[in-house]
file upload.csv (CSV, C-alpha atoms)
chain,number,residue,atom,x,y,z
O,1,MET,CA,30.1,-32.6,-37.9
O,2,ALA,CA,27.7,-30.4,-35.9
O,3,GLU,CA,28.2,-30.2,-32.1
O,4,THR,CA,25.1,-31.5,-30.2
O,5,CYS,CA,23.2,-30.4,-27.1
O,6,ASP,CA,19.8,-30.7,-25.6
O,7,ILE,CA,18.9,-27.0,-25.8
O,8,LEU,CA,20.3,-24.1,-27.8
O,9,ILE,CA,19.4,-20.7,-26.4
O,10,SER,CA,19.6,-17.9,-28.9
O,11,GLY,CA,20.3,-14.7,-26.8
O,12,GLY,CA,22.2,-14.0,-23.7
O,13,GLY,CA,20.3,-11.2,-22.1
O,14,ILE,CA,18.7,-11.6,-18.7
O,15,ALA,CA,15.9,-13.9,-19.9
O,16,GLY,CA,18.3,-16.1,-22.0
O,17,LEU,CA,20.8,-16.4,-19.1
O,18,THR,CA,18.1,-17.3,-16.7
O,19,ALA,CA,16.8,-19.9,-19.1
O,20,ALA,CA,20.3,-21.3,-19.5
O,21,ALA,CA,20.6,-21.6,-15.7
O,22,ALA,CA,17.2,-23.1,-15.2
O,23,PHE,CA,17.6,-25.8,-17.9
O,24,ALA,CA,21.1,-26.6,-16.9
O,25,ALA,CA,20.2,-26.9,-13.2
O,26,SER,CA,17.4,-29.3,-14.3
O,27,GLY,CA,20.0,-31.6,-16.0
O,28,PHE,CA,19.8,-30.6,-19.6
O,29,SER,CA,22.9,-29.8,-21.7
O,30,VAL,CA,22.6,-26.1,-22.8
O,31,ILE,CA,24.5,-23.8,-25.2
O,32,CYS,CA,23.7,-20.1,-25.0
O,33,ALA,CA,24.9,-17.9,-27.8
O,34,ASP,CA,24.8,-14.1,-28.0
O,35,PRO,CA,26.6,-11.7,-30.4
O,36,ALA,CA,27.4,-9.1,-27.7
O,37,PRO,CA,29.7,-9.6,-24.8
O,38,PRO,CA,27.8,-8.7,-21.5
O,39,VAL,CA,28.5,-5.5,-19.7
O,40,THR,CA,28.6,-6.4,-16.0
O,41,GLU,CA,29.8,-3.1,-14.3
O,42,ARG,CA,27.4,-0.3,-13.3
O,43,ASP,CA,29.4,2.6,-14.8
O,44,ALA,CA,30.9,0.9,-17.8
O,45,ASP,CA,30.0,2.0,-21.4
O,46,GLY,CA,26.9,0.1,-22.6
O,47,SER,CA,25.8,-1.0,-19.1
O,48,ASP,CA,22.0,-1.6,-18.8
O,49,LEU,CA,20.9,0.9,-16.1
O,50,ARG,CA,17.3,-0.3,-16.2
O,51,THR,CA,16.2,-2.5,-13.2
O,52,THR,CA,14.0,-5.6,-13.0
O,53,ALA,CA,11.5,-6.2,-10.3
O,54,PHE,CA,11.2,-9.9,-9.8
O,55,LEU,CA,7.7,-10.7,-8.6
O,56,GLN,CA,7.1,-13.6,-6.2
O,57,PRO,CA,6.7,-16.4,-8.8
O,58,ALA,CA,9.9,-15.3,-10.5
O,59,GLN,CA,11.8,-15.3,-7.3
O,60,THR,CA,10.7,-18.9,-6.6
O,61,LEU,CA,12.1,-19.9,-10.1
O,62,LEU,CA,15.4,-18.1,-9.4
O,63,ASP,CA,15.7,-19.9,-6.1
O,64,ARG,CA,15.0,-23.2,-7.7
O,65,CYS,CA,17.9,-22.8,-10.2
O,66,GLY,CA,20.4,-21.6,-7.6
O,67,VAL,CA,20.5,-17.9,-8.7
O,68,TRP,CA,18.6,-16.3,-5.9
O,69,PRO,CA,21.2,-16.8,-3.2
O,70,ARG,CA,23.6,-14.7,-5.3
O,71,LEU,CA,21.0,-11.9,-5.7
O,72,ALA,CA,19.3,-11.7,-2.3
O,73,ASP,CA,21.8,-9.3,-0.7
O,74,HIS,CA,21.6,-6.9,-3.6
O,75,ALA,CA,17.8,-6.8,-3.9
O,76,ALA,CA,15.5,-4.0,-2.6
O,77,PRO,CA,12.1,-5.4,-1.5
O,78,LEU,CA,8.9,-3.9,-3.0
O,79,GLN,CA,6.3,-3.9,-0.2
O,80,VAL,CA,4.0,-1.2,-1.5
O,81,MET,CA,3.0,-0.3,-5.1
O,82,ARG,CA,1.8,3.4,-5.0
O,83,ILE,CA,-0.2,4.9,-7.9
O,84,VAL,CA,-0.3,8.7,-8.0
O,85,ASP,CA,-2.4,10.7,-10.3
O,86,ALA,CA,-0.9,14.2,-10.8
O,87,GLY,CA,-3.0,15.1,-13.9
O,88,GLY,CA,-4.4,18.4,-12.5
O,89,ALA,CA,-3.5,21.9,-13.5
O,90,ARG,CA,-0.2,21.7,-11.5
O,91,PRO,CA,2.2,18.7,-11.2
O,92,GLU,CA,1.2,17.7,-7.7
O,93,PRO,CA,-0.6,14.6,-6.3
O,94,ARG,CA,-4.4,14.7,-6.3
O,95,VAL,CA,-5.1,11.0,-6.0
O,96,VAL,CA,-2.6,8.6,-4.1
O,97,LYS,CA,-3.5,4.9,-3.7
O,98,ASP,CA,-1.3,2.3,-2.1
O,99,PHE,CA,-1.5,-1.4,-2.9
O,100,ASN,CA,0.2,-3.3,0.0
O,101,ALA,CA,1.6,-6.8,-0.5
O,102,ALA,CA,0.5,-7.6,3.1
O,103,ASP,CA,-3.1,-7.6,1.9
O,104,ILE,CA,-2.5,-10.8,-0.1
O,105,SER,CA,0.7,-12.3,1.1
O,106,GLY,CA,3.3,-12.5,3.8
O,107,GLN,CA,6.0,-11.6,1.3
O,108,PRO,CA,6.8,-8.4,-0.6
O,109,PHE,CA,5.3,-8.0,-4.2
O,110,GLY,CA,8.9,-8.5,-5.5
O,111,TRP,CA,12.5,-7.5,-5.3
O,112,ASN,CA,14.2,-4.9,-7.5
O,113,LEU,CA,17.7,-5.4,-9.0
O,114,PRO,CA,19.8,-3.6,-11.5
O,115,ASN,CA,20.1,-5.3,-14.9
O,116,TRP,CA,23.9,-5.0,-15.1
O,117,LEU,CA,24.2,-6.8,-11.8
O,118,LEU,CA,21.8,-9.5,-12.8
O,119,ARG,CA,24.0,-10.3,-15.8
O,120,ARG,CA,27.0,-10.5,-13.6
O,121,GLU,CA,25.5,-12.9,-11.1
O,122,LEU,CA,23.8,-15.1,-13.7
O,123,ILE,CA,27.1,-15.6,-15.5
O,124,ALA,CA,28.7,-16.5,-12.2
O,125,ARG,CA,26.0,-19.1,-11.5
O,126,LEU,CA,26.4,-20.5,-15.0
O,127,ALA,CA,30.1,-20.9,-14.5
O,128,GLU,CA,29.3,-23.4,-11.7
O,129,LEU,CA,27.1,-25.6,-14.0
O,130,PRO,CA,29.2,-28.0,-16.1
O,131,ASN,CA,26.5,-28.7,-18.6
O,132,ALA,CA,26.0,-24.9,-19.5
O,133,ASP,CA,28.2,-23.4,-22.2
O,134,LEU,CA,28.1,-19.7,-22.9
O,135,ARG,CA,29.2,-18.4,-26.3
O,136,PHE,CA,29.5,-14.6,-26.1
O,137,GLY,CA,30.5,-12.8,-29.2
O,138,THR,CA,28.8,-15.5,-31.3
O,139,GLY,CA,25.3,-14.9,-32.8
O,140,THR,CA,22.8,-17.3,-34.3
O,141,THR,CA,22.5,-16.8,-38.1
O,142,GLY,CA,20.5,-19.7,-39.5
O,143,LEU,CA,17.9,-22.3,-38.5
O,144,PHE,CA,17.2,-25.6,-40.3
O,145,THR,CA,14.7,-28.0,-38.6
O,146,ARG,CA,13.6,-31.5,-39.1
O,147,THR,CA,11.0,-33.4,-37.0
O,148,GLU,CA,13.7,-35.0,-34.8
O,149,ALA,CA,16.2,-32.1,-34.3
O,150,ALA,CA,17.2,-28.5,-35.3
O,151,ARG,CA,20.5,-27.4,-36.7
O,152,VAL,CA,21.5,-23.8,-35.9
O,153,SER,CA,24.3,-21.9,-37.7
O,154,LEU,CA,26.5,-19.6,-35.6
O,155,SER,CA,28.3,-16.5,-36.7
O,156,ASP,CA,31.7,-18.1,-36.1
O,157,GLY,CA,30.9,-20.7,-38.9
O,158,SER,CA,30.1,-23.6,-36.5
O,159,GLN,CA,26.8,-25.5,-36.3
O,160,ILE,CA,24.9,-26.8,-33.3
O,161,GLN,CA,22.4,-29.6,-33.4
O,162,ALA,CA,19.8,-29.4,-30.6
O,163,ARG,CA,16.5,-31.1,-29.7
O,164,LEU,CA,15.0,-27.7,-28.7
O,165,VAL,CA,15.9,-24.1,-29.8
O,166,VAL,CA,14.7,-21.4,-27.4
O,167,ALA,CA,14.6,-17.9,-29.0
O,168,CYS,CA,15.4,-15.3,-26.3
O,169,ASP,CA,17.0,-13.1,-28.9
O,170,GLY,CA,15.0,-9.9,-28.6
O,171,ARG,CA,12.2,-8.0,-30.4
O,172,ASN,CA,14.0,-8.4,-33.7
O,173,SER,CA,14.7,-12.1,-33.1
O,174,PRO,CA,16.7,-13.8,-35.9
O,175,MET,CA,15.4,-17.2,-34.9
O,176,ARG,CA,11.8,-16.0,-35.1
O,177,ARG,CA,12.5,-14.5,-38.6
O,178,ALA,CA,14.2,-17.7,-39.7
O,179,ALA,CA,11.1,-19.6,-38.7
O,180,GLY,CA,8.8,-17.2,-40.6
O,181,ILE,CA,6.7,-16.3,-37.5
O,182,PRO,CA,4.9,-13.0,-38.0
O,183,VAL,CA,4.5,-10.3,-35.2
O,184,LYS,CA,2.1,-7.5,-34.6
O,185,THR,CA,3.8,-4.3,-33.5
O,186,THR,CA,2.3,-1.1,-31.9
O,187,ARG,CA,4.4,2.0,-31.8
O,188,TYR,CA,3.4,4.8,-29.3
O,189,GLY,CA,5.8,7.5,-30.4
O,190,GLN,CA,7.2,7.3,-26.8
O,191,LYS,CA,10.6,6.8,-25.4
O,192,ALA,CA,11.7,5.9,-21.9
O,193,LEU,CA,14.6,7.5,-20.0
O,194,ALA,CA,16.2,5.1,-17.5
O,195,PHE,CA,18.7,6.2,-14.8
O,196,ALA,CA,19.3,6.0,-11.0
O,197,VAL,CA,18.8,8.8,-8.5
O,198,THR,CA,19.4,9.6,-4.9
O,199,HIS,CA,16.9,11.6,-2.7
O,200,PRO,CA,16.8,12.9,0.9
O,201,ARG,CA,13.6,11.0,1.9
O,202,PRO,CA,13.7,7.2,2.2
O,203,HIS,CA,11.6,5.2,-0.2
O,204,ASP,CA,10.5,2.8,2.6
O,205,ASN,CA,10.3,0.0,0.0
O,206,VAL,CA,7.5,1.7,-1.9
O,207,SER,CA,7.5,1.6,-5.7
O,208,THR,CA,5.8,4.8,-6.9
O,209,GLU,CA,4.2,5.3,-10.4
O,210,ILE,CA,3.2,8.9,-11.1
O,211,HIS,CA,0.7,9.6,-13.9
O,212,ARG,CA,0.4,13.0,-15.5
O,213,SER,CA,0.7,12.9,-19.3
O,214,GLY,CA,3.2,11.4,-21.8
O,215,GLY,CA,3.5,8.2,-19.8
O,216,PRO,CA,4.3,7.2,-16.2
O,217,PHE,CA,7.2,8.4,-14.1
O,218,THR,CA,8.2,5.4,-12.0
O,219,LEU,CA,10.5,5.3,-9.0
O,220,VAL,CA,11.5,1.8,-7.9
O,221,PRO,CA,13.5,1.2,-4.7
O,222,LEU,CA,17.2,0.4,-4.8
O,223,PRO,CA,19.6,-0.2,-1.9
O,224,ASP,CA,21.3,3.0,-0.6
O,225,TYR,CA,23.9,4.5,-2.9
O,226,ARG,CA,26.9,6.2,-1.2
O,227,GLY,CA,25.0,6.5,2.0
O,228,ARG,CA,21.8,8.1,0.5
O,229,PRO,CA,18.4,6.6,-0.3
O,230,SER,CA,18.3,5.6,-4.0
O,231,SER,CA,15.8,4.6,-6.6
O,232,ALA,CA,15.7,3.5,-10.2
O,233,VAL,CA,13.7,5.8,-12.5
O,234,VAL,CA,11.9,5.0,-15.7
O,235,TRP,CA,10.5,8.2,-17.2
O,236,MET,CA,8.3,7.7,-20.2
O,237,GLU,CA,7.5,10.6,-22.5
O,238,ARG,CA,6.6,11.3,-26.1
O,239,GLY,CA,9.7,10.9,-28.2
O,240,PRO,CA,10.6,14.6,-28.9
O,241,ARG,CA,10.1,15.5,-25.2
O,242,ALA,CA,12.2,12.6,-24.1
O,243,GLN,CA,15.0,13.6,-26.4
O,244,GLN,CA,14.8,17.2,-25.1
O,245,LEU,CA,15.1,15.9,-21.5
O,246,LEU,CA,18.1,13.7,-22.5
O,247,ASP,CA,19.9,16.7,-23.9
O,248,LEU,CA,19.4,18.9,-20.8
O,249,ASP,CA,22.4,19.7,-18.6
O,250,THR,CA,22.5,17.9,-15.2
O,251,GLU,CA,21.2,20.8,-13.2
O,252,ALA,CA,18.2,21.5,-15.5
O,253,PHE,CA,17.4,17.8,-15.8
O,254,GLU,CA,17.4,17.3,-12.0
O,255,ALA,CA,15.0,20.3,-11.7
O,256,ALA,CA,12.8,18.8,-14.3
O,257,MET,CA,12.7,15.3,-12.8
O,258,THR,CA,12.1,16.7,-9.3
O,259,GLU,CA,9.1,18.6,-10.6
O,260,ARG,CA,7.8,15.5,-12.5
O,261,SER,CA,8.1,13.4,-9.3
O,262,CYS,CA,5.9,16.0,-7.6
O,263,GLY,CA,8.7,16.4,-5.0
O,264,LEU,CA,7.5,13.2,-3.2
O,265,TYR,CA,11.1,12.2,-2.2
O,266,GLY,CA,12.5,15.7,-2.1
O,267,ASP,CA,15.1,17.0,-4.6
O,268,LEU,CA,16.2,14.2,-6.9
O,269,LYS,CA,19.9,14.0,-7.8
O,270,LEU,CA,21.3,11.9,-10.7
O,271,ALA,CA,23.3,8.9,-9.5
O,272,SER,CA,24.1,7.5,-13.0
O,273,ARG,CA,24.2,8.4,-16.6
O,274,ARG,CA,20.9,8.7,-18.5
O,275,THR,CA,19.9,6.0,-21.1
O,276,ILE,CA,17.0,6.2,-23.6
O,277,TRP,CA,14.8,3.4,-25.1
O,278,PRO,CA,12.0,3.3,-27.6
O,279,ILE,CA,8.6,2.0,-26.3
O,280,ILE,CA,6.6,-0.5,-28.3
O,281,SER,CA,4.1,-3.3,-27.8
O,282,GLN,CA,4.7,-6.5,-29.8
O,283,SER,CA,3.3,-10.0,-29.8
O,284,ALA,CA,4.2,-13.0,-32.0
O,285,GLN,CA,1.4,-14.7,-33.9
O,286,ARG,CA,2.5,-18.0,-32.4
O,287,LEU,CA,5.1,-19.1,-29.8
O,288,ASN,CA,6.2,-22.3,-31.5
O,289,GLY,CA,7.8,-23.5,-34.7
O,290,GLU,CA,9.3,-26.9,-35.5
O,291,ARG,CA,11.8,-27.6,-32.7
O,292,LEU,CA,11.6,-23.9,-31.7
O,293,ALA,CA,10.0,-22.0,-28.8
O,294,LEU,CA,9.8,-18.2,-28.6
O,295,MET,CA,10.1,-16.6,-25.2
O,296,ALA,CA,10.8,-13.2,-23.7
O,297,GLU,CA,11.0,-10.3,-26.1
O,298,ALA,CA,11.1,-12.7,-29.1
O,299,ALA,CA,7.5,-13.6,-28.1
O,300,HIS,CA,6.2,-10.4,-26.5
O,301,VAL,CA,7.2,-6.8,-25.8
O,302,VAL,CA,5.3,-4.5,-23.5
O,303,PRO,CA,5.9,-0.9,-22.1
O,304,PRO,CA,7.6,-0.9,-18.7
O,305,ILE,CA,4.4,-0.7,-16.6
O,306,GLY,CA,3.7,-2.8,-13.5
O,307,ALA,CA,6.9,-4.9,-13.7
O,308,GLN,CA,5.3,-7.2,-16.3
O,309,GLY,CA,8.0,-7.5,-19.0
O,310,LEU,CA,10.6,-9.9,-17.6
O,311,ASN,CA,8.1,-11.5,-15.3
O,312,MET,CA,6.0,-12.5,-18.3
O,313,SER,CA,9.2,-13.9,-19.8
O,314,LEU,CA,9.9,-16.0,-16.7
O,315,GLY,CA,6.3,-17.2,-16.9
O,316,ASP,CA,7.2,-18.5,-20.4
O,317,LEU,CA,10.3,-20.2,-18.9
O,318,ARG,CA,8.4,-21.8,-16.0
O,319,CYS,CA,5.9,-23.3,-18.5
O,320,LEU,CA,8.7,-24.7,-20.8
O,321,LEU,CA,10.5,-26.1,-17.8
O,322,GLU,CA,7.4,-27.9,-16.5
O,323,LEU,CA,6.7,-29.4,-19.9
O,324,ALA,CA,10.4,-30.5,-20.3
O,325,ALA,CA,10.5,-32.1,-16.8
O,326,ALA,CA,7.1,-33.8,-17.3
O,327,ARG,CA,8.3,-35.6,-20.5
O,328,PRO,CA,12.0,-35.2,-21.0
O,329,GLU,CA,12.0,-37.8,-23.8
O,330,GLY,CA,9.8,-35.5,-25.8
O,331,LEU,CA,11.9,-32.4,-25.4
O,332,GLY,CA,11.3,-30.0,-28.3
O,333,ASP,CA,8.8,-32.3,-30.1
O,334,ALA,CA,5.6,-31.1,-31.7
O,335,GLU,CA,3.4,-32.2,-28.8
O,336,MET,CA,5.5,-30.3,-26.2
O,337,LEU,CA,5.6,-27.1,-28.3
O,338,ALA,CA,1.9,-27.1,-29.1
O,339,ALA,CA,1.2,-27.4,-25.4
O,340,TYR,CA,3.5,-24.5,-24.7
O,341,HIS,CA,1.8,-22.3,-27.2
O,342,LYS,CA,-1.7,-23.2,-25.9
O,343,ALA,CA,-0.6,-22.6,-22.3
O,344,ARG,CA,1.0,-19.2,-22.8
O,345,HIS,CA,-0.4,-17.4,-25.9
O,346,GLY,CA,-3.8,-16.4,-24.5
O,347,GLU,CA,-2.4,-15.0,-21.3
O,348,ILE,CA,0.3,-13.1,-23.2
O,349,LEU,CA,-2.3,-11.5,-25.5
O,350,LEU,CA,-4.4,-10.5,-22.4
O,351,ARG,CA,-1.5,-8.9,-20.7
O,352,VAL,CA,-0.2,-7.1,-23.8
O,353,THR,CA,-3.7,-5.7,-24.4
O,354,GLY,CA,-4.1,-4.7,-20.7
O,355,ILE,CA,-0.7,-2.9,-20.6
O,356,ASP,CA,-1.4,-1.2,-23.9
O,357,LEU,CA,-4.6,0.2,-22.4
O,358,LEU,CA,-2.8,1.4,-19.2
O,359,ASN,CA,0.0,3.0,-21.3
O,360,ARG,CA,-2.5,4.9,-23.5
O,361,THR,CA,-4.3,6.0,-20.4
O,362,SER,CA,-1.1,7.3,-18.8
O,363,MET,CA,-0.3,9.3,-22.0
O,364,LEU,CA,-3.5,11.3,-21.9
O,365,ALA,CA,-3.0,15.0,-22.4
O,366,PRO,CA,-6.5,16.6,-22.4
O,367,ARG,CA,-7.5,17.6,-18.8
O,368,PRO,CA,-11.1,16.2,-18.9
O,369,LEU,CA,-9.7,12.8,-19.9
O,370,ARG,CA,-7.1,13.0,-17.1
O,371,ASP,CA,-9.9,13.8,-14.7
O,372,LEU,CA,-11.7,10.6,-15.8
O,373,ARG,CA,-8.5,8.7,-15.2
O,374,ALA,CA,-8.3,9.9,-11.6
O,375,LEU,CA,-12.0,9.0,-11.1
O,376,GLY,CA,-11.3,5.5,-12.5
O,377,LEU,CA,-8.4,5.0,-10.1
O,378,ASN,CA,-10.5,6.0,-7.1
O,379,ALA,CA,-13.4,3.7,-8.2
O,380,LEU,CA,-11.1,0.7,-8.7
O,381,TYR,CA,-9.3,1.1,-5.5
O,382,SER,CA,-12.4,1.6,-3.3
O,383,LEU,CA,-13.7,-1.9,-4.1
O,384,ALA,CA,-11.6,-4.2,-1.9
O,385,PRO,CA,-12.3,-7.4,-3.9
O,386,VAL,CA,-11.3,-5.6,-7.2
O,387,ARG,CA,-8.2,-4.2,-5.5
O,388,LYS,CA,-7.1,-7.7,-4.3
O,389,THR,CA,-7.8,-9.3,-7.7
O,390,LEU,CA,-5.7,-6.6,-9.5
O,391,MET,CA,-2.8,-7.3,-7.1
O,392,GLN,CA,-3.0,-11.0,-7.7
O,393,MET,CA,-3.2,-10.5,-11.5
O,394,GLY,CA,-0.2,-8.2,-11.3
O,395,LEU,CA,1.8,-11.0,-9.6
O,396,GLY,CA,0.7,-13.5,-12.2
O,397,VAL,CA,-1.0,-15.7,-9.7
O,398,LYS,CA,-4.5,-15.4,-10.9
call {"tool": "encode", "arguments": {"input": "upload.csv", "output": "structure tokens"}}
result
Amino acid sequence: MAETCDILISGGGIAGLTAAAAFAASGFSVICADPAPPVTERDADGSDLRTTAFLQPAQTLLDRCGVWPRLADHAAPLQVMRIVDAGGARPEPRVVKDFNAADISGQPFGWNLPNWLLRRELIARLAELPNADLRFGTGTTGLFTRTEAARVSLSDGSQIQARLVVACDGRNSPMRRAAGIPVKTTRYGQKALAFAVTHPRPHDNVSTEIHRSGGPFTLVPLPDYRGRPSSAVVWMERGPRAQQLLDLDTEAFEAAMTERSCGLYGDLKLASRRTIWPIISQSAQRLNGERLALMAEAAHVVPPIGAQGLNMSLGDLRCLLELAAARPEGLGDAEMLAAYHKARHGEILLRVTGIDLLNRTSMLAPRPLRDLRALGLNALYSLAPVRKTLMQMGLGVK
């Protein structure tokens, strides 16, 4: 006899755990399954040293499901987004443009938090919700659907019957594959190095994205670490160059990253180990199957530019929550899932396409094209209405 619940969430990453907290806080019974136990300590093997910038709409959602009070004291506000073009003959700033949240809002653009800490606090919040059941070490292996319910097979041999299955199980989603939903994938030949640094100059709550070639070098504010200003870094480069950098000894790597940062914060010092990730874009042909909704990386993957990745995922979640709350008796039915696809798919394709273009622009190697990039940044920034629209689009509020 299969166990039953309202919603089965496949995948216990940050998006899956947030979805579990949001649906459980809204009164639905939720089971969340993931084959990998979460790593919730900064310096433990396998910890995710990337960070997530929660933009304003995402912070509102986290507050609504009782997660934000656990995160607020650990979050570094992002007041200014600074774009630097350093595409000249030498690695030094030649165009610097600041987008200040004060121009559109009384709040920061967002708040930055380490991914390992997010997992820790989300799990703690879920422990407070009696209708949320976490199954770590247990993956989803099979999906059988009928018009009135779905039956999901788990790796421990058990089966769960749910009204709605939410696939938050990553870019190689087993639930998406089981439903036969195709994806379009773009490979850039890039990898991203992710790590934390300290630096002598304070970041002043400024997130800085430096463009030269190979991809952006981004410093995102973190709270002080051992009494020194600290930032999270995502350094995107073509694959072979990224691997060379990963293999450098600490002293040589610190010299290389200080040069790539144009010395804006002084000499950068490693404050964590280095991790490396492949960069792709990916979008699912559709976001819905019978009794199935795709969200997060099961639905879309983008390069780490402009804090769009997880914020797009939480846009998916907000949409699903609104549809479920508006018609709880129709949870997971064809009408709800068709409405979800219609509401999200067009916007996702627009953002995936836009971020793809930004990434290709950031990778430019020939000097004349880098010069055009600098001219374009100047032109966009100098038009106040365009600048304001770009900021609103980045927040997902336009």
call {"tool": "closest_residue", "arguments": {"input": "upload.csv", "among": "O:Ala256, O:Ile7, O:Ala296, O:Leu113", "to": "Gly27 of chain O", "atoms": "all atoms listed in the file"}}
result
O:Ile7
call {"tool": "residues_around", "arguments": {"input": "upload.csv", "residues": "Thr52 of chain O", "least_positions_apart": "6", "cutoff": "10 Å", "atoms": "all atoms listed in the file", "output": "count of residues only"}}
result
17
call {"tool": "atom_distance", "arguments": {"input": "upload.csv", "atom1": "atom CA of Pro278 of chain O", "atom2": "atom CA of His345 of chain O"}}
result
24.2 Å
call {"tool": "closest_residue", "arguments": {"input": "upload.csv", "among": "O:Arg291, O:Arg351, O:Arg187, O:Arg260", "to": "Glu335 of chain O", "atoms": "only C-alpha atoms"}}
result
O:Arg291
call {"tool": "atom_distance", "arguments": {"input": "upload.csv", "atom1": "atom CA of Ala298 of chain O", "atom2": "atom CA of Thr140 of chain O"}}
result
13.6 Å
call {"tool": "residues_around", "arguments": {"input": "upload.csv", "residues": "Ser207 of chain O", "least_positions_apart": "6", "cutoff": "8 Å", "atoms": "all atoms listed in the file", "output": "ChimeraX atom specification"}}
result
/O:78-82,218-221
call {"tool": "residues_near_point", "arguments": {"input": "upload.csv", "point": "(7.3, -15.9, -26.5)", "cutoff": "12 Å", "atoms": "all atoms listed in the file", "output": "PyMOL selection string"}}
result
chain O and resi 15-16+166-171+173+175-176+181+183+282-289+292-302+309-310+312-317+319-320+337+340-349+352
call {"tool": "closest_residue", "arguments": {"input": "upload.csv", "among": "O:Val67, O:Val39, O:Ile305, O:Leu61", "to": "Leu126 of chain O", "atoms": "only C-alpha atoms"}}
result
O:Val67
call {"tool": "atom_distance", "arguments": {"input": "upload.csv", "atom1": "atom CA of Ser213 of chain O", "atom2": "atom CA of Thr185 of chain O"}}
result
22.5 Å
call {"tool": "residues_around", "arguments": {"input": "upload.csv", "residues": "Glu329 of chain O", "least_positions_apart": "5", "cutoff": "12 Å", "atoms": "all atoms listed in the file", "output": "ChimeraX atom specification"}}
result
/O:6,28,148,163-164,323-324,335-336
call {"tool": "residues_around", "arguments": {"input": "upload.csv", "residues": "Gly189 of chain O", "least_positions_apart": "3", "cutoff": "9 Å", "atoms": "only C-alpha atoms", "output": "list of chain:residue names"}}
result
O:Glu237, O:Arg238, O:Gly239, O:Pro240, O:Pro278, O:Ile279, O:Ile280
call {"tool": "closest_residue", "arguments": {"input": "upload.csv", "among": "O:Ser231, O:Thr275, O:Thr361, O:Ser10", "to": "Gly46 of chain O", "atoms": "all atoms listed in the file"}}
result
O:Thr275
call {"tool": "closest_residue", "arguments": {"input": "upload.csv", "among": "O:Phe23, O:Trp68, O:Phe195, O:Phe253", "to": "Arg273 of chain O", "atoms": "only C-alpha atoms"}}
result
O:Phe195
call {"tool": "decode", "arguments": {"input": "upload.csv", "residues": "segment 24-34 of chain O", "atoms": "N, CA, C and O atoms", "output": "tab-separated table (two decimals), in the first residue's frame"}}
result
chain	number	residue	atom	x	y	z
O	24	ALA	N	4.39	23.39	2.97
O	24	ALA	CA	4.01	22.91	4.30
O	24	ALA	C	3.45	24.05	5.15
O	24	ALA	O	2.46	23.88	5.87
O	25	ALA	N	4.07	25.23	5.05
O	25	ALA	CA	3.58	26.38	5.81
O	25	ALA	C	2.20	26.83	5.32
O	25	ALA	O	1.45	27.48	6.05
O	26	SER	N	1.86	26.46	4.08
O	26	SER	CA	0.54	26.80	3.53
O	26	SER	C	-0.50	25.72	3.82
O	26	SER	O	-1.64	25.81	3.34
O	27	GLY	N	-0.11	24.67	4.56
O	27	GLY	CA	-1.07	23.67	5.01
O	27	GLY	C	-1.11	22.38	4.23
O	27	GLY	O	-1.91	21.49	4.55
O	28	PHE	N	-0.27	22.22	3.21
O	28	PHE	CA	-0.24	20.98	2.43
O	28	PHE	C	0.70	19.97	3.09
O	28	PHE	O	1.71	20.35	3.68
O	29	SER	N	0.36	18.69	2.97
O	29	SER	CA	1.28	17.66	3.47
O	29	SER	C	2.33	17.39	2.39
O	29	SER	O	2.00	17.21	1.21
O	30	VAL	N	3.61	17.39	2.80
O	30	VAL	CA	4.72	17.38	1.86
O	30	VAL	C	5.72	16.30	2.25
O	30	VAL	O	6.09	16.16	3.43
O	31	ILE	N	6.18	15.54	1.26
O	31	ILE	CA	7.34	14.67	1.41
O	31	ILE	C	8.40	15.16	0.44
O	31	ILE	O	8.11	15.39	-0.74
O	32	CYS	N	9.63	15.36	0.93
O	32	CYS	CA	10.75	15.81	0.10
O	32	CYS	C	11.84	14.75	0.15
O	32	CYS	O	12.33	14.41	1.23
O	33	ALA	N	12.20	14.22	-1.02
O	33	ALA	CA	13.18	13.13	-1.10
O	33	ALA	C	14.40	13.56	-1.88
O	33	ALA	O	14.29	14.22	-2.92
O	34	ASP	N	15.59	13.20	-1.38
O	34	ASP	CA	16.83	13.51	-2.08
O	34	ASP	C	17.85	12.40	-1.79
O	34	ASP	O	17.99	11.98	-0.63
